[in-house]
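Asker: You'll find final27.pdb just under this line, and it carries PDB, C-alpha atoms.
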ATOM      1  CA  MET A   1      83.777 -15.790 -13.681
ATOM      2  CA  SER A   2      80.161 -16.469 -12.723
ATOM      3  CA  ASP A   3      79.216 -19.796 -11.118
ATOM      4  CA  VAL A   4      77.235 -20.783 -14.252
ATOM      5  CA  ALA A   5      80.299 -20.195 -16.472
ATOM      6  CA  ALA A   6      82.489 -22.001 -13.918
ATOM      7  CA  ILE A   7      80.252 -25.097 -14.051
ATOM      8  CA  GLN A   8      80.408 -25.086 -17.869
ATOM      9  CA  ASN A   9      84.205 -24.797 -17.597
ATOM     10  CA  LEU A  10      84.250 -27.736 -15.133
ATOM     11  CA  VAL A  11      82.221 -29.933 -17.550
ATOM     12  CA  GLN A  12      84.674 -29.171 -20.372
ATOM     13  CA  LYS A  13      87.778 -29.753 -18.209
ATOM     14  CA  GLN A  14      86.337 -33.014 -16.889
ATOM     15  CA  ALA A  15      85.800 -34.302 -20.458
ATOM     16  CA  GLU A  16      89.466 -33.462 -21.246
ATOM     17  CA  LEU A  17      90.555 -35.163 -17.997
ATOM     18  CA  LYS A  18      88.771 -38.406 -18.906
ATOM     19  CA  LYS A  19      90.349 -38.362 -22.391
ATOM     20  CA  GLU A  20      93.773 -37.948 -20.809
ATOM     21  CA  ILE A  21      93.176 -40.825 -18.343
ATOM     22  CA  ALA A  22      91.903 -43.055 -21.180
ATOM     23  CA  LYS A  23      95.380 -42.847 -22.815
ATOM     24  CA  ILE A  24      96.601 -45.240 -20.090
ATOM     25  CA  ILE A  25      93.514 -46.768 -18.431
ATOM     26  CA  VAL A  26      91.355 -48.990 -20.631
ATOM     27  CA  GLY A  27      87.652 -49.204 -19.669
ATOM     28  CA  GLN A  28      86.812 -48.858 -15.937
ATOM     29  CA  GLU A  29      84.754 -45.710 -16.755
ATOM     30  CA  GLU A  30      82.531 -46.086 -13.696
ATOM     31  CA  VAL A  31      85.552 -46.373 -11.374
ATOM     32  CA  VAL A  32      87.257 -43.332 -12.942
ATOM     33  CA  ASN A  33      83.966 -41.371 -12.677
ATOM     34  CA  GLN A  34      83.675 -42.107  -8.961
ATOM     35  CA  ILE A  35      87.324 -41.215  -8.241
ATOM     36  CA  VAL A  36      86.924 -37.917 -10.156
ATOM     37  CA  LEU A  37      83.669 -37.296  -8.233
ATOM     38  CA  SER A  38      85.519 -37.849  -4.935
ATOM     39  CA  VAL A  39      88.288 -35.421  -5.891
ATOM     40  CA  PHE A  40      85.931 -32.564  -6.790
ATOM     41  CA  ALA A  41      83.668 -33.265  -3.796
ATOM     42  CA  GLY A  42      86.752 -33.166  -1.542
ATOM     43  CA  GLY A  43      86.246 -36.720  -0.205
ATOM     44  CA  HIS A  44      88.386 -39.849   0.128
ATOM     45  CA  ALA A  45      87.789 -43.164  -1.632
ATOM     46  CA  LEU A  46      88.348 -46.842  -0.855
ATOM     47  CA  LEU A  47      89.080 -49.094  -3.857
ATOM     48  CA  VAL A  48      88.185 -52.739  -3.395
ATOM     49  CA  GLY A  49      89.421 -55.214  -6.005
ATOM     50  CA  VAL A  50      91.580 -58.260  -6.577
ATOM     51  CA  PRO A  51      95.299 -57.783  -7.426
ATOM     52  CA  GLY A  52      96.341 -56.855 -10.956
ATOM     53  CA  LEU A  53      93.430 -54.574 -11.879
ATOM     54  CA  ALA A  54      95.732 -51.513 -12.246
ATOM     55  CA  LYS A  55      94.572 -49.741  -9.069
ATOM     56  CA  THR A  56      97.989 -48.139  -8.494
ATOM     57  CA  LEU A  57      98.404 -47.226 -12.166
ATOM     58  CA  MET A  58      94.935 -45.668 -12.183
ATOM     59  CA  VAL A  59      95.615 -43.465  -9.146
ATOM     60  CA  ASN A  60      99.032 -42.443 -10.483
ATOM     61  CA  THR A  61      97.536 -41.560 -13.900
ATOM     62  CA  ILE A  62      94.692 -39.536 -12.356
ATOM     63  CA  SER A  63      97.081 -37.590 -10.096
ATOM     64  CA  GLN A  64      99.347 -36.772 -13.080
ATOM     65  CA  ALA A  65      96.357 -35.583 -15.151
ATOM     66  CA  LEU A  66      95.150 -33.465 -12.200
ATOM     67  CA  GLY A  67      98.625 -31.943 -11.855
ATOM     68  CA  LEU A  68      98.915 -33.027  -8.212
ATOM     69  CA  GLU A  69     101.780 -34.506  -6.208
ATOM     70  CA  PHE A  70     101.337 -38.243  -5.626
ATOM     71  CA  LYS A  71     102.857 -40.595  -3.025
ATOM     72  CA  ARG A  72     102.271 -44.293  -2.519
ATOM     73  CA  ILE A  73     102.468 -45.966   0.896
ATOM     74  CA  GLN A  74     102.639 -49.769   0.879
ATOM     75  CA  PHE A  75     100.952 -50.899   4.078
ATOM     76  CA  THR A  76     102.613 -53.896   5.771
ATOM     77  CA  PRO A  77     102.186 -55.544   9.219
ATOM     78  CA  ASP A  78     105.393 -53.900  10.540
ATOM     79  CA  LEU A  79     104.621 -50.357   9.315
ATOM     80  CA  MET A  80     104.729 -47.793  12.149
ATOM     81  CA  PRO A  81     102.827 -44.459  12.383
ATOM     82  CA  SER A  82     106.141 -42.569  12.100
ATOM     83  CA  ASP A  83     106.789 -44.290   8.741
ATOM     84  CA  ILE A  84     103.700 -42.463   7.429
ATOM     85  CA  LEU A  85     103.705 -39.170   9.328
ATOM     86  CA  GLY A  86     107.443 -38.558   9.599
ATOM     87  CA  SER A  87     109.679 -38.267  12.645
ATOM     88  CA  GLU A  88     112.016 -35.925  14.486
ATOM     89  CA  ILE A  89     115.769 -36.458  14.221
ATOM     90  CA  LEU A  90     118.756 -34.737  15.807
ATOM     91  CA  ASP A  91     120.619 -32.688  13.218
ATOM     92  CA  GLU A  92     124.331 -31.845  13.240
ATOM     93  CA  ASN A  93     123.663 -28.853  15.555
ATOM     94  CA  ARG A  94     121.973 -31.180  18.075
ATOM     95  CA  GLN A  95     118.619 -29.553  17.299
ATOM     96  CA  PHE A  96     115.487 -31.584  16.664
ATOM     97  CA  LYS A  97     114.429 -31.414  13.044
ATOM     98  CA  PHE A  98     111.186 -32.809  11.614
ATOM     99  CA  ILE A  99     111.525 -35.019   8.524
ATOM    100  CA  LYS A 100     108.188 -35.171   6.733
ATOM    101  CA  GLY A 101     106.737 -38.584   5.906
ATOM    102  CA  PRO A 102     104.962 -39.598   2.688
ATOM    103  CA  ILE A 103     101.608 -38.330   4.029
ATOM    104  CA  PHE A 104     102.711 -34.813   3.030
ATOM    105  CA  SER A 105     101.438 -34.946  -0.541
ATOM    106  CA  ASN A 106      98.216 -34.065  -2.411
ATOM    107  CA  ILE A 107      97.133 -37.591  -3.344
ATOM    108  CA  ILE A 108      98.056 -40.516  -1.095
ATOM    109  CA  LEU A 109      97.658 -44.080  -2.280
ATOM    110  CA  ALA A 110      97.310 -46.197   0.876
ATOM    111  CA  ASP A 111      97.986 -49.578  -0.709
ATOM    112  CA  GLU A 112      96.409 -52.606   1.023
ATOM    113  CA  ILE A 113      95.365 -50.554   4.036
ATOM    114  CA  ASN A 114      93.979 -53.627   5.823
ATOM    115  CA  ARG A 115      97.457 -55.225   5.980
ATOM    116  CA  THR A 116      98.646 -52.902   8.748
ATOM    117  CA  PRO A 117      97.742 -52.871  12.487
ATOM    118  CA  PRO A 118      95.078 -50.469  13.838
ATOM    119  CA  LYS A 119      97.702 -48.134  15.387
ATOM    120  CA  THR A 120      99.095 -47.348  11.939
ATOM    121  CA  GLN A 121      95.663 -47.250  10.262
ATOM    122  CA  ALA A 122      94.654 -44.657  12.884
ATOM    123  CA  ALA A 123      97.622 -42.448  11.894
ATOM    124  CA  LEU A 124      95.760 -41.769   8.648
ATOM    125  CA  LEU A 125      92.560 -40.770  10.484
ATOM    126  CA  GLU A 126      93.590 -37.312  11.678
ATOM    127  CA  ALA A 127      95.093 -36.553   8.265
ATOM    128  CA  MET A 128      91.887 -37.597   6.473
ATOM    129  CA  GLN A 129      89.554 -35.758   8.803
ATOM    130  CA  GLU A 130      91.501 -32.657   9.852
ATOM    131  CA  LYS A 131      93.853 -32.266   6.838
ATOM    132  CA  ALA A 132      96.606 -31.956   9.463
ATOM    133  CA  VAL A 133      98.887 -34.198  11.534
ATOM    134  CA  THR A 134     100.322 -33.925  15.040
ATOM    135  CA  VAL A 135     103.854 -35.233  15.625
ATOM    136  CA  ALA A 136     105.676 -34.802  18.970
ATOM    137  CA  GLY A 137     103.111 -32.196  20.040
ATOM    138  CA  GLN A 138     103.606 -30.094  16.895
ATOM    139  CA  HIS A 139     100.669 -29.488  14.563
ATOM    140  CA  TYR A 140     101.438 -29.579  10.827
ATOM    141  CA  LYS A 141      98.943 -28.571   8.141
ATOM    142  CA  LEU A 142      98.845 -30.674   4.975
ATOM    143  CA  SER A 143      98.891 -29.020   1.551
ATOM    144  CA  LEU A 144      95.491 -28.800  -0.143
ATOM    145  CA  PRO A 145      93.783 -30.331  -2.052
ATOM    146  CA  TYR A 146      94.289 -33.483   0.009
ATOM    147  CA  PHE A 147      92.903 -36.808  -1.025
ATOM    148  CA  VAL A 148      93.431 -40.374   0.299
ATOM    149  CA  LEU A 149      92.775 -43.342  -1.965
ATOM    150  CA  ALA A 150      93.065 -46.618  -0.089
ATOM    151  CA  THR A 151      93.023 -50.059  -1.693
ATOM    152  CA  GLN A 152      91.844 -53.291  -0.174
ATOM    153  CA  ASN A 153      92.203 -56.824  -1.518
ATOM    154  CA  PRO A 154      88.966 -58.741  -0.823
ATOM    155  CA  ILE A 155      90.312 -62.278  -1.275
ATOM    156  CA  GLU A 156      93.369 -62.685   0.984
ATOM    157  CA  GLN A 157      92.114 -62.205   4.514
ATOM    158  CA  GLU A 158      94.857 -64.070   6.443
ATOM    159  CA  GLY A 159      96.927 -61.716   8.554
ATOM    160  CA  THR A 160      94.804 -58.679   7.802
ATOM    161  CA  TYR A 161      93.247 -56.095  10.122
ATOM    162  CA  PRO A 162      89.777 -55.142   8.824
ATOM    163  CA  LEU A 163      89.135 -51.399   8.976
ATOM    164  CA  PRO A 164      86.834 -50.476  11.882
ATOM    165  CA  GLU A 165      83.435 -49.029  10.909
ATOM    166  CA  ALA A 166      84.373 -45.591  12.289
ATOM    167  CA  GLN A 167      87.334 -45.505   9.930
ATOM    168  CA  LEU A 168      85.404 -46.848   6.932
ATOM    169  CA  ASP A 169      82.921 -44.015   7.513
ATOM    170  CA  ARG A 170      85.720 -41.510   6.770
ATOM    171  CA  PHE A 171      85.755 -42.660   3.136
ATOM    172  CA  MET A 172      83.205 -40.884   0.975
ATOM    173  CA  PHE A 173      83.089 -43.696  -1.617
ATOM    174  CA  ALA A 174      83.762 -47.427  -1.566
ATOM    175  CA  ILE A 175      84.459 -48.318  -5.191
ATOM    176  CA  LYS A 176      84.395 -51.885  -6.482
ATOM    177  CA  LEU A 177      86.763 -52.803  -9.305
ATOM    178  CA  ASP A 178      85.816 -55.685 -11.561
ATOM    179  CA  TYR A 179      87.702 -57.652 -14.182
ATOM    180  CA  PRO A 180      87.847 -56.008 -17.631
ATOM    181  CA  THR A 181      85.701 -57.355 -20.472
ATOM    182  CA  PHE A 182      87.335 -59.620 -23.095
ATOM    183  CA  GLU A 183      87.728 -56.718 -25.574
ATOM    184  CA  GLU A 184      89.182 -54.418 -22.892
ATOM    185  CA  GLU A 185      91.674 -57.066 -21.772
ATOM    186  CA  VAL A 186      92.825 -57.582 -25.379
ATOM    187  CA  GLN A 187      93.384 -53.816 -25.624
ATOM    188  CA  VAL A 188      95.261 -53.775 -22.281
ATOM    189  CA  VAL A 189      97.596 -56.551 -23.442
ATOM    190  CA  LYS A 190      98.223 -54.812 -26.795
ATOM    191  CA  SER A 191      99.026 -51.459 -25.201
ATOM    192  CA  THR A 192     101.213 -52.742 -22.337
ATOM    193  CA  THR A 193     103.436 -55.226 -24.155
ATOM    194  CA  THR A 194     105.039 -52.782 -26.606
ATOM    195  CA  ASP A 195     107.823 -50.243 -26.202
ATOM    196  CA  THR A 196     105.647 -47.127 -26.567
ATOM    197  CA  THR A 197     104.826 -44.942 -23.559
ATOM    198  CA  GLN A 198     102.019 -42.430 -23.344
ATOM    199  CA  GLN A 199     102.671 -38.946 -21.977
ATOM    200  CA  ILE A 200     100.057 -37.673 -19.496
ATOM    201  CA  ASN A 201      99.524 -33.897 -19.501
ATOM    202  CA  ALA A 202      98.627 -32.022 -16.311
ATOM    203  CA  LEU A 203      95.300 -30.260 -16.978
ATOM    204  CA  PHE A 204      94.709 -28.538 -13.612
ATOM    205  CA  THR A 205      96.562 -26.633 -10.941
ATOM    206  CA  ALA A 206      96.015 -27.309  -7.226
ATOM    207  CA  GLN A 207      94.298 -23.910  -6.910
ATOM    208  CA  GLU A 208      91.882 -24.682  -9.766
ATOM    209  CA  ILE A 209      90.812 -27.909  -8.053
ATOM    210  CA  LEU A 210      90.256 -26.035  -4.763
ATOM    211  CA  ASP A 211      88.196 -23.400  -6.642
ATOM    212  CA  PHE A 212      86.031 -26.148  -8.178
ATOM    213  CA  GLN A 213      85.573 -27.743  -4.712
ATOM    214  CA  HIS A 214      84.342 -24.388  -3.344
ATOM    215  CA  LEU A 215      82.114 -23.904  -6.406
ATOM    216  CA  ILE A 216      80.433 -27.278  -5.760
ATOM    217  CA  ARG A 217      79.738 -26.354  -2.134
ATOM    218  CA  ARG A 218      77.999 -23.168  -3.342
ATOM    219  CA  ILE A 219      75.542 -25.101  -5.559
ATOM    220  CA  PRO A 220      71.987 -24.710  -4.166
ATOM    221  CA  VAL A 221      69.954 -27.840  -3.298
ATOM    222  CA  ALA A 222      66.155 -28.009  -3.044
ATOM    223  CA  ASP A 223      64.774 -29.041   0.354
ATOM    224  CA  ASN A 224      62.962 -32.043  -1.121
ATOM    225  CA  VAL A 225      66.299 -33.435  -2.426
ATOM    226  CA  ILE A 226      67.957 -33.052   0.999
ATOM    227  CA  GLU A 227      64.938 -34.684   2.652
ATOM    228  CA  TYR A 228      65.088 -37.542   0.125
ATOM    229  CA  ALA A 229      68.801 -38.149   0.914
ATOM    230  CA  VAL A 230      68.184 -38.099   4.689
ATOM    231  CA  ARG A 231      65.184 -40.404   4.296
ATOM    232  CA  LEU A 232      67.233 -42.789   2.139
ATOM    233  CA  VAL A 233      69.903 -43.019   4.855
ATOM    234  CA  GLY A 234      67.208 -43.355   7.549
ATOM    235  CA  LYS A 235      65.779 -46.367   5.706
ATOM    236  CA  THR A 236      69.083 -48.257   6.208
ATOM    237  CA  ARG A 237      68.707 -48.256  10.002
ATOM    238  CA  PRO A 238      67.067 -51.512  11.170
ATOM    239  CA  GLY A 239      64.404 -51.044  13.831
ATOM    240  CA  SER A 240      63.734 -47.408  12.854
ATOM    241  CA  SER A 241      60.298 -46.203  11.708
ATOM    242  CA  MET A 242      61.576 -45.750   8.120
ATOM    243  CA  ALA A 243      63.158 -49.221   7.737
ATOM    244  CA  ASN A 244      61.307 -51.793   5.634
ATOM    245  CA  ASP A 245      61.095 -55.546   6.323
ATOM    246  CA  TYR A 246      63.997 -56.216   3.933
ATOM    247  CA  VAL A 247      66.329 -53.966   5.957
ATOM    248  CA  ASN A 248      65.077 -55.339   9.294
ATOM    249  CA  ASN A 249      65.705 -58.893   8.068
ATOM    250  CA  TYR A 250      69.125 -58.481   6.521
ATOM    251  CA  LEU A 251      70.948 -55.570   8.197
ATOM    252  CA  ASP A 252      72.555 -55.363  11.634
ATOM    253  CA  TRP A 253      73.518 -51.711  11.339
ATOM    254  CA  GLY A 254      72.664 -48.746   9.125
ATOM    255  CA  ALA A 255      74.472 -45.635   7.903
ATOM    256  CA  GLY A 256      75.099 -42.567  10.094
ATOM    257  CA  PRO A 257      74.610 -38.818   9.429
ATOM    258  CA  ARG A 258      77.939 -38.570   7.568
ATOM    259  CA  ALA A 259      76.293 -40.665   4.820
ATOM    260  CA  SER A 260      73.558 -38.003   4.404
ATOM    261  CA  GLN A 261      76.178 -35.228   4.159
ATOM    262  CA  ASN A 262      78.213 -37.202   1.618
ATOM    263  CA  LEU A 263      75.105 -38.054  -0.442
ATOM    264  CA  ILE A 264      74.314 -34.356  -0.889
ATOM    265  CA  LEU A 265      77.937 -33.336  -1.566
ATOM    266  CA  ALA A 266      78.356 -36.139  -4.112
ATOM    267  CA  ALA A 267      74.955 -35.371  -5.712
ATOM    268  CA  LYS A 268      76.012 -31.704  -6.097
ATOM    269  CA  THR A 269      79.271 -32.834  -7.723
ATOM    270  CA  HIS A 270      77.458 -35.332  -9.971
ATOM    271  CA  SER A 271      75.048 -32.633 -11.173
ATOM    272  CA  ALA A 272      77.864 -30.098 -11.780
ATOM    273  CA  LEU A 273      79.982 -32.611 -13.736
ATOM    274  CA  ASN A 274      76.913 -33.280 -15.890
ATOM    275  CA  GLY A 275      76.313 -29.572 -16.554
ATOM    276  CA  LYS A 276      73.315 -29.135 -14.208
ATOM    277  CA  TYR A 277      73.106 -26.198 -11.818
ATOM    278  CA  SER A 278      71.305 -27.998  -8.995
ATOM    279  CA  PRO A 279      71.059 -31.705  -8.080
ATOM    280  CA  ASP A 280      67.809 -33.667  -8.210
ATOM    281  CA  ILE A 281      66.737 -37.041  -6.792
ATOM    282  CA  GLU A 282      68.315 -38.881  -9.787
ATOM    283  CA  ASP A 283      71.720 -37.421  -8.825
ATOM    284  CA  VAL A 284      71.307 -38.736  -5.256
ATOM    285  CA  GLN A 285      70.401 -42.198  -6.601
ATOM    286  CA  ALA A 286      73.352 -42.155  -9.018
ATOM    287  CA  VAL A 287      75.882 -41.805  -6.168
ATOM    288  CA  ALA A 288      74.029 -43.746  -3.444
ATOM    289  CA  THR A 289      75.560 -47.201  -3.991
ATOM    290  CA  GLY A 290      79.186 -46.044  -3.665
ATOM    291  CA  ILE A 291      78.361 -43.966  -0.594
ATOM    292  CA  LEU A 292      76.211 -46.489   1.304
ATOM    293  CA  ARG A 293      77.951 -49.743   0.331
ATOM    294  CA  HIS A 294      80.574 -49.650   3.132
ATOM    295  CA  ARG A 295      78.310 -48.015   5.730
ATOM    296  CA  ILE A 296      75.701 -50.760   6.071
ATOM    297  CA  ILE A 297      76.497 -53.964   7.953
ATOM    298  CA  LYS A 298      74.764 -57.165   6.868
ATOM    299  CA  ASN A 299      73.795 -59.902   9.312
ATOM    300  CA  TYR A 300      74.597 -63.634   9.050
ATOM    301  CA  LYS A 301      71.192 -64.262   7.411
ATOM    302  CA  ALA A 302      72.084 -61.969   4.482
ATOM    303  CA  ASP A 303      75.435 -63.759   4.067
ATOM    304  CA  ALA A 304      73.742 -67.175   4.192
ATOM    305  CA  GLU A 305      71.227 -66.176   1.521
ATOM    306  CA  GLY A 306      73.776 -64.480  -0.743
ATOM    307  CA  ILE A 307      72.232 -61.013  -0.333
ATOM    308  CA  THR A 308      74.707 -58.262  -1.328
ATOM    309  CA  GLU A 309      74.905 -54.650  -0.150
ATOM    310  CA  GLU A 310      74.022 -53.532  -3.687
ATOM    311  CA  MET A 311      70.784 -55.560  -3.628
ATOM    312  CA  ILE A 312      69.783 -53.994  -0.289
ATOM    313  CA  ILE A 313      70.547 -50.435  -1.525
ATOM    314  CA  LYS A 314      68.481 -50.979  -4.722
ATOM    315  CA  LYS A 315      65.502 -51.988  -2.519
ATOM    316  CA  LEU A 316      65.740 -48.602  -0.755
ATOM    317  CA  PHE A 317      64.921 -46.702  -3.980
TER     318      PHE A 317
END
Let me see whether you can do it: turn the structure in this file into structure tokens.
Answerer:
Amino acid sequence: MSDVAAIQNLVQKQAELKKEIAKIIVGQEEVVNQIVLSVFAGGHALLVGVPGLAKTLMVNTISQALGLEFKRIQFTPDLMPSDILGSEILDENRQFKFIKGPIFSNIILADEINRTPPKTQAALLEAMQEKAVTVAGQHYKLSLPYFVLATQNPIEQEGTYPLPEAQLDRFMFAIKLDYPTFEEEVQVVKSTTTDTTQQINALFTAQEILDFQHLIRRIPVADNVIEYAVRLVGKTRPGSSMANDYVNNYLDWGAGPRASQNLILAAKTHSALNGKYSPDIEDVQAVATGILRHRIIKNYKADAEGITEEMIIKKLF
């Protein structure tokens, strides 16, 4: 199949995927779009939202529709790295045997990732970056495609361990979940308080998803689009020649080169999912908020004046 036909096939399959997800998930189109974007771009995503917004249900539904294996890890203050990665035990023949932990799956839901100490958070890092883990000196490859979706609750901050910037940078997208509209909430209540259950059909195989990920990496990008993405990221760095007064006033720290790479990868995916064969500047702008939101650090002045990350990113356009 040619790349042009493959992109047309991807657009059609994505429309079917969204229909399948909509059987269970009401509204939240923007959130679903960004998670689907992350999957096909081969990146990880951080979901930030208050409890009860169906984050777990959403991830479970998406993994079923993608035909991928799904595991959920509930992060708690006493969770140890071995609880995630797995550990070696002595079997009946007095031989060491490795028992795989929940990280050995295609889609991992790291629930409330900021509830666990840095040692355990760091256990996810190698898996996210290298798609492999090292336990007792042994190197184990994870099955592909591999995708981590972490959730964070923004309101309860007692007894939490905020993710360090270096670890936040590993997430391609930071996705904000908001409350549903009145009409959507009515629909949610109607559909979840009856005895009927919806069946989710698997629309992809793991190999198909990997093929689409490779297809997206083959999409050509014009130099001016790459330069625009790099310039956009450069503008977030206070004190640099590209930064404007707004950034210098309200930001302590800007985004690093990984943001530029992710902007282009996500823009390629955005263009392919919309049936275009090469991304343009509009595609970069469409994905910029989710990619830059968690990579810029505001100063106390921004907090005092109620300036949000989204407002700063809009000024960069």
Asker: Residues picked by the PyMOL selection byres ((chain A and resi 34) around 10) here, as number ranges by chain?
Answerer: A: 29-33, 35-39, 45, 173-175, 266, 270, 287, 290
Asker: Please indicate the distance in Å from atom CA of Arg217 of chain A to atom CA of Ser2 of chain A, rounded to one decimal place.
Answerer: 14.5 Å
Asker: Give me, please, the distance in Å between atom CA of Asp83 of chain A and atom CA of Val50 of chain A, quoted to one decimal.
Answerer: 25.7 Å
Asker: Tell me which of A:Ala6, A:Ala166, A:Ile264, A:Ile24 sits closest to Val59 of chain A, counting all atoms listed in the file.
Answerer: A:Ile24
Asker: Go ahead and compute the interatomic distance for atom CA of Ala127 of chain A and atom CA of Arg72 of chain A, in Å to one decimal.
Answerer: 15.1 Å
Asker: Report the centre and edge lengths, in Å to one decimal, of an axis-aligned box enclosing every atom of segment 85-102 of chain A listed in the file, padded by 6 Å on each side, as lines of an AutoDock Vina configuration file.
Answerer:
center_x = 114.0
center_y = -34.2
center_z = 10.4
size_x = 32.6
size_y = 22.7
size_z = 27.4
Asker: Exactly which residues make up the result of the PyMOL selection byres ((chain A and resi 135) around 10) on this file, given as a list in words?
Answerer: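 So the PyMOL selection byres ((chain A and resi 135) around 10) ends up selecting Pro81, Ser82, Leu85, Gly86, Ser87, Glu88, Phe98, Lys100, Val133, Thr134, Ala136, Gly137, Gln138, His139 and Tyr140 of chain A.
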Asker: So that I have them on file, write out the residues from the current selection with C-alpha atoms, as a compact mmCIF listing (two decimals), keeping the file's coordinate frame.
Answerer:
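Written output follows (again_19.txt):
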# COMPACT_ATOMS: atom_id res chain seq x y z
CA PRO A 81 102.83 -44.46 12.38
CA SER A 82 106.14 -42.57 12.10
CA LEU A 85 103.70 -39.17 9.33
CA GLY A 86 107.44 -38.56 9.60
CA SER A 87 109.68 -38.27 12.64
CA GLU A 88 112.02 -35.92 14.49
CA PHE A 98 111.19 -32.81 11.61
CA LYS A 100 108.19 -35.17 6.73
CA VAL A 133 98.89 -34.20 11.53
CA THR A 134 100.32 -33.92 15.04
CA ALA A 136 105.68 -34.80 18.97
CA GLY A 137 103.11 -32.20 20.04
CA GLN A 138 103.61 -30.09 16.90
CA HIS A 139 100.67 -29.49 14.56
CA TYR A 140 101.44 -29.58 10.83
Asker: So, counting only C-alpha atoms, which residue among A:Thr193, A:Thr289, A:Asn299, A:Gln167 is closest to Leu251 of chain A?
Answerer: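 When distances to Leu251 of chain A are compared using only C-alpha atoms, the smallest one comes from A:Asn299.
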Asker: List the residues matched by the PyMOL selection byres ((chain A and resi 114) around 9) in the displayed structure as a compact mmCIF listing (two decimals) with C-alpha atoms, in the frame of the given file, ordered by chain and then by residue number.
Answerer:
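After the write, selection-v8.txt holds the following:
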# COMPACT_ATOMS: atom_id res chain seq x y z
CA PHE A 75 100.95 -50.90 4.08
CA THR A 76 102.61 -53.90 5.77
CA ASP A 111 97.99 -49.58 -0.71
CA GLU A 112 96.41 -52.61 1.02
CA ILE A 113 95.36 -50.55 4.04
CA ARG A 115 97.46 -55.22 5.98
CA THR A 116 98.65 -52.90 8.75
CA PRO A 117 97.74 -52.87 12.49
CA PRO A 118 95.08 -50.47 13.84
CA GLN A 121 95.66 -47.25 10.26
CA THR A 151 93.02 -50.06 -1.69
CA GLN A 152 91.84 -53.29 -0.17
CA ASN A 153 92.20 -56.82 -1.52
CA GLN A 157 92.11 -62.20 4.51
CA THR A 160 94.80 -58.68 7.80
CA TYR A 161 93.25 -56.10 10.12
CA PRO A 162 89.78 -55.14 8.82
CA LEU A 163 89.14 -51.40 8.98
Asker: Out of A:Ile200, A:Ala132, A:Met242, A:Leu292, which residue has the shortest atom-to-atom distance to Thr61 of chain A when counting all atoms listed in the file?
Answerer: A:Ile200
Asker: Which one is closest to Arg295 of chain A: A:Phe104, A:Tyr146, A:Tyr246, A:Phe171? Count only C-alpha atoms.
Answerer: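 Answer, going by the shortest atom-to-atom distance: A:Phe171.
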Asker: Within 12 Å of (67.8, -30.0, -1.9) in the file's own coordinates, which protein, DNA or RNA residues have an atom, counting only C-alpha atoms? List them as JSON, numbers by chain.
Answerer: {"A": [219, 220, 221, 222, 223, 224, 225, 226, 227, 228, 229, 230, 260, 261, 263, 264, 265, 267, 268, 277, 278, 279, 280, 281, 282, 283, 284]}
Asker: Pull C-alpha atoms from the residues just selected and write them as a tab-separated table (two decimals), in the coordinates of the input.
Answerer:
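Okay, this is what ended up in out_21.tsv:
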chain	number	residue	atom	x	y	z
A	219	ILE	CA	75.54	-25.10	-5.56
A	220	PRO	CA	71.99	-24.71	-4.17
A	221	VAL	CA	69.95	-27.84	-3.30
A	222	ALA	CA	66.16	-28.01	-3.04
A	223	ASP	CA	64.77	-29.04	0.35
A	224	ASN	CA	62.96	-32.04	-1.12
A	225	VAL	CA	66.30	-33.44	-2.43
A	226	ILE	CA	67.96	-33.05	1.00
A	227	GLU	CA	64.94	-34.68	2.65
A	228	TYR	CA	65.09	-37.54	0.12
A	229	ALA	CA	68.80	-38.15	0.91
A	230	VAL	CA	68.18	-38.10	4.69
A	260	SER	CA	73.56	-38.00	4.40
A	261	GLN	CA	76.18	-35.23	4.16
A	263	LEU	CA	75.10	-38.05	-0.44
A	264	ILE	CA	74.31	-34.36	-0.89
A	265	LEU	CA	77.94	-33.34	-1.57
A	267	ALA	CA	74.96	-35.37	-5.71
A	268	LYS	CA	76.01	-31.70	-6.10
A	277	TYR	CA	73.11	-26.20	-11.82
A	278	SER	CA	71.31	-28.00	-8.99
A	279	PRO	CA	71.06	-31.70	-8.08
A	280	ASP	CA	67.81	-33.67	-8.21
A	281	ILE	CA	66.74	-37.04	-6.79
A	282	GLU	CA	68.32	-38.88	-9.79
A	283	ASP	CA	71.72	-37.42	-8.82
A	284	VAL	CA	71.31	-38.74	-5.26
Asker: Using only C-alpha atoms, find the one residue out of A:Val188, A:Leu124, A:Leu316, A:Leu273 that sits nearest to Ile216 of chain A.
Answerer: A:Leu273
Asker: Find, counting all atoms listed in the file, the residue in A:Ile296, A:Leu79, A:Met58, A:Ile25 that gets nearest to Arg237 of chain A.
Answerer: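 Among the listed residues, A:Ile296 lies closest to Arg237 of chain A.
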Asker: Is it possible to get the residues within 8 Å of (100.6, -44.4, -2.4) (coordinates as in the file, counting all atoms listed in the file) written as JSON, numbers by chain?
Answerer: {"A": [56, 70, 71, 72, 73, 74, 107, 108, 109, 110, 111, 149]}
Asker: Glu16 of chain A: which residues within 10 Å, counting all atoms listed in the file, same-chain residues fewer than 6 positions away excluded, as a list in words?
Answerer: Leu10, Ala22, Ala65 and Leu203 of chain A
